Amino acid sequence: MKSSGEKKIAMFFEQIKKDIFPEWDKKDEWRVKNIKHDSKHINSDYLGKCDSTGKIIYLNLDPEDWKIEMLMVHEICHAQKGCKSHGDQWKKKMQEAAYRCESAGNYRLADQIRHEIENYSS
Ligand SMILES: [Zn+2]
């Protein structure tokens with residue numbers, strides 16, 4: 001039985017894939033997992049993690065947290081080729097994501113993504 005938080009996250013993930021990353025994960029291999037209330041991960045110190053081998057995006061946030069969609073975009077960008085670090089390639093993917101968000105009419109998320117890029121720029 002899935003909790004409403006899990007459903008919400010799965011819904012965000014589908015929407016983000018459709019609107020922002022239509023070319024990615026066409027075979028639906030990736031999964032998103034929230035570990036916030038998972039006792040096995042109680043001491044995890046990250047908010048998000050991208051496991052390219054297992055094809056899993058881990059999130060460590062409350063499903064109601066305002067950051068959750070932006071963090072998903074952040075981690076999906078890491079899943080793209082050559083984007084493991086927060087370097088130029090990753091930033092370029094994030095820029096593209098922000099642009100696509102805007103095109104889809106989601107200005108709030110586009111803004112959040114652009115702020116996130118700034119956080120990783122020196
Ligand atoms: Zn990151």
# chains A, B, ... in the order shown; residues from 1 in each chain; ligands from 1
$ residues_around --residues "range 5-12 of chain A" --least-positions-apart "5" --cutoff "12 Å" --atoms "only C-alpha atoms" --output "ChimeraX atom specification"
/A:17-20,30-37,57-65,67-73,109
$ closest_atom_pairs --of "chain A" --to "ligand 1" --cutoff "9 Å" --atoms "only C-alpha atoms and all ligand atoms" --output "tab-separated table"
residue	atom	partner	partner_atom_place_in_ligand_line	distance
A:Gly48	CA	ligand 1	1 (Zn)	7.2
A:Lys49	CA	ligand 1	1 (Zn)	7.1
A:Cys50	CA	ligand 1	1 (Zn)	8.0
A:Leu71	CA	ligand 1	1 (Zn)	8.5
A:His74	CA	ligand 1	1 (Zn)	6.1
A:Glu75	CA	ligand 1	1 (Zn)	6.1
A:Cys77	CA	ligand 1	1 (Zn)	8.4
A:His78	CA	ligand 1	1 (Zn)	6.6
A:Lys84	CA	ligand 1	1 (Zn)	7.7
A:Ser85	CA	ligand 1	1 (Zn)	6.8
A:His86	CA	ligand 1	1 (Zn)	6.1
A:Trp90	CA	ligand 1	1 (Zn)	8.8
A:Tyr120	CA	ligand 1	1 (Zn)	9.0
$ write_last_selection --atoms "N, CA and C atoms" --output "short mmCIF file (atom, residue, chain, number, x, y, z; two decimals), in the first residue's frame"
data_model
loop_
_atom_site.label_atom_id
_atom_site.label_comp_id
_atom_site.auth_asym_id
_atom_site.auth_seq_id
_atom_site.Cartn_x
_atom_site.Cartn_y
_atom_site.Cartn_z
N GLY A 48 19.29 14.60 -1.70
CA GLY A 48 19.00 13.87 -2.92
C GLY A 48 20.24 13.14 -3.39
N LYS A 49 20.03 12.01 -4.07
CA LYS A 49 21.17 11.23 -4.58
C LYS A 49 20.73 10.52 -5.85
N CYS A 50 21.66 10.44 -6.79
CA CYS A 50 21.34 9.81 -8.06
C CYS A 50 22.19 8.55 -8.21
N LEU A 71 14.44 19.47 -6.52
CA LEU A 71 15.46 18.49 -6.19
C LEU A 71 15.41 17.29 -7.16
N HIS A 74 17.11 18.43 -10.22
CA HIS A 74 18.55 18.44 -9.91
C HIS A 74 19.15 17.03 -10.07
N GLU A 75 18.49 16.04 -9.48
CA GLU A 75 19.02 14.67 -9.52
C GLU A 75 18.88 14.03 -10.90
N CYS A 77 19.10 15.59 -13.65
CA CYS A 77 20.19 16.17 -14.44
C CYS A 77 21.49 15.41 -14.19
N HIS A 78 21.70 14.94 -12.97
CA HIS A 78 22.89 14.11 -12.69
C HIS A 78 22.85 12.79 -13.46
N LYS A 84 27.80 13.93 -13.67
CA LYS A 84 27.88 13.44 -12.29
C LYS A 84 28.20 14.54 -11.27
N SER A 85 29.07 15.47 -11.66
CA SER A 85 29.42 16.55 -10.74
C SER A 85 28.53 17.76 -11.03
N HIS A 86 28.76 18.84 -10.28
CA HIS A 86 27.99 20.06 -10.52
C HIS A 86 28.73 20.98 -11.49
N TRP A 90 26.43 19.68 -16.22
CA TRP A 90 25.24 19.59 -15.37
C TRP A 90 24.48 20.91 -15.38
N TYR A 120 25.41 26.71 -7.10
CA TYR A 120 26.59 25.91 -7.45
C TYR A 120 27.56 26.65 -8.35
#
$ select_by_dssp --residues "range 40-83 of chain A" --states "alpha helix (DSSP H)" --output "PDB file with C-alpha atoms, in the first residue's frame"
ATOM      1  CA  ILE A  68      10.909  18.422  -3.805  1.00  0.00           C
ATOM      2  CA  GLU A  69      10.287  19.031  -7.517  1.00  0.00           C
ATOM      3  CA  MET A  70      13.397  21.150  -7.926  1.00  0.00           C
ATOM      4  CA  LEU A  71      15.457  18.488  -6.189  1.00  0.00           C
ATOM      5  CA  MET A  72      14.075  15.837  -8.520  1.00  0.00           C
ATOM      6  CA  VAL A  73      15.120  17.943 -11.521  1.00  0.00           C
ATOM      7  CA  HIS A  74      18.552  18.442  -9.910  1.00  0.00           C
ATOM      8  CA  GLU A  75      19.024  14.669  -9.517  1.00  0.00           C
ATOM      9  CA  ILE A  76      17.616  13.774 -12.950  1.00  0.00           C
ATOM     10  CA  CYS A  77      20.194  16.168 -14.441  1.00  0.00           C
ATOM     11  CA  HIS A  78      22.893  14.114 -12.692  1.00  0.00           C
TER      12      HIS A  78
END
$ select_by_dssp --residues "range 13-117 of chain A" --states "strand (DSSP E or B)" --output "list in words"
Arg31, Val32, Lys33, Asn34, Gly48, Lys49, Cys50, Asp51, Ile56, Ile57, Tyr58 and Leu59 of chain A
$ write_last_selection --atoms "C-alpha atoms" --output "PDB file, in the first residue's frame"
ATOM      1  CA  ARG A  31      12.500   4.883 -10.068  1.00  0.00           C
ATOM      2  CA  VAL A  32      12.276   7.528  -7.403  1.00  0.00           C
ATOM      3  CA  LYS A  33      12.480   6.559  -3.765  1.00  0.00           C
ATOM      4  CA  ASN A  34      11.887   8.752  -0.759  1.00  0.00           C
ATOM      5  CA  GLY A  48      19.000  13.870  -2.923  1.00  0.00           C
ATOM      6  CA  LYS A  49      21.166  11.228  -4.577  1.00  0.00           C
ATOM      7  CA  CYS A  50      21.345   9.814  -8.057  1.00  0.00           C
ATOM      8  CA  ASP A  51      22.242   6.126  -8.350  1.00  0.00           C
ATOM      9  CA  ILE A  56      17.193   5.114  -8.639  1.00  0.00           C
ATOM     10  CA  ILE A  57      16.762   8.717  -7.527  1.00  0.00           C
ATOM     11  CA  TYR A  58      16.829   8.903  -3.742  1.00  0.00           C
ATOM     12  CA  LEU A  59      15.141  11.794  -2.014  1.00  0.00           C
TER      13      LEU A  59
END
$ residues_around --residues "Gly87 in chain A" --least-positions-apart "5" --cutoff "10 Å" --atoms "only C-alpha atoms" --output "list in words"
Gly82, Lys92, Tyr120 and Ser121 of chain A
$ atom_distance --atom1 "CA of Ala104 in chain A" --atom2 "CA of Asp28 in chain A"
21.5 Å
$ atom_distance --atom1 "CA of Lys81 in chain A" --atom2 "CA of Ile16 in chain A"
18.3 Å
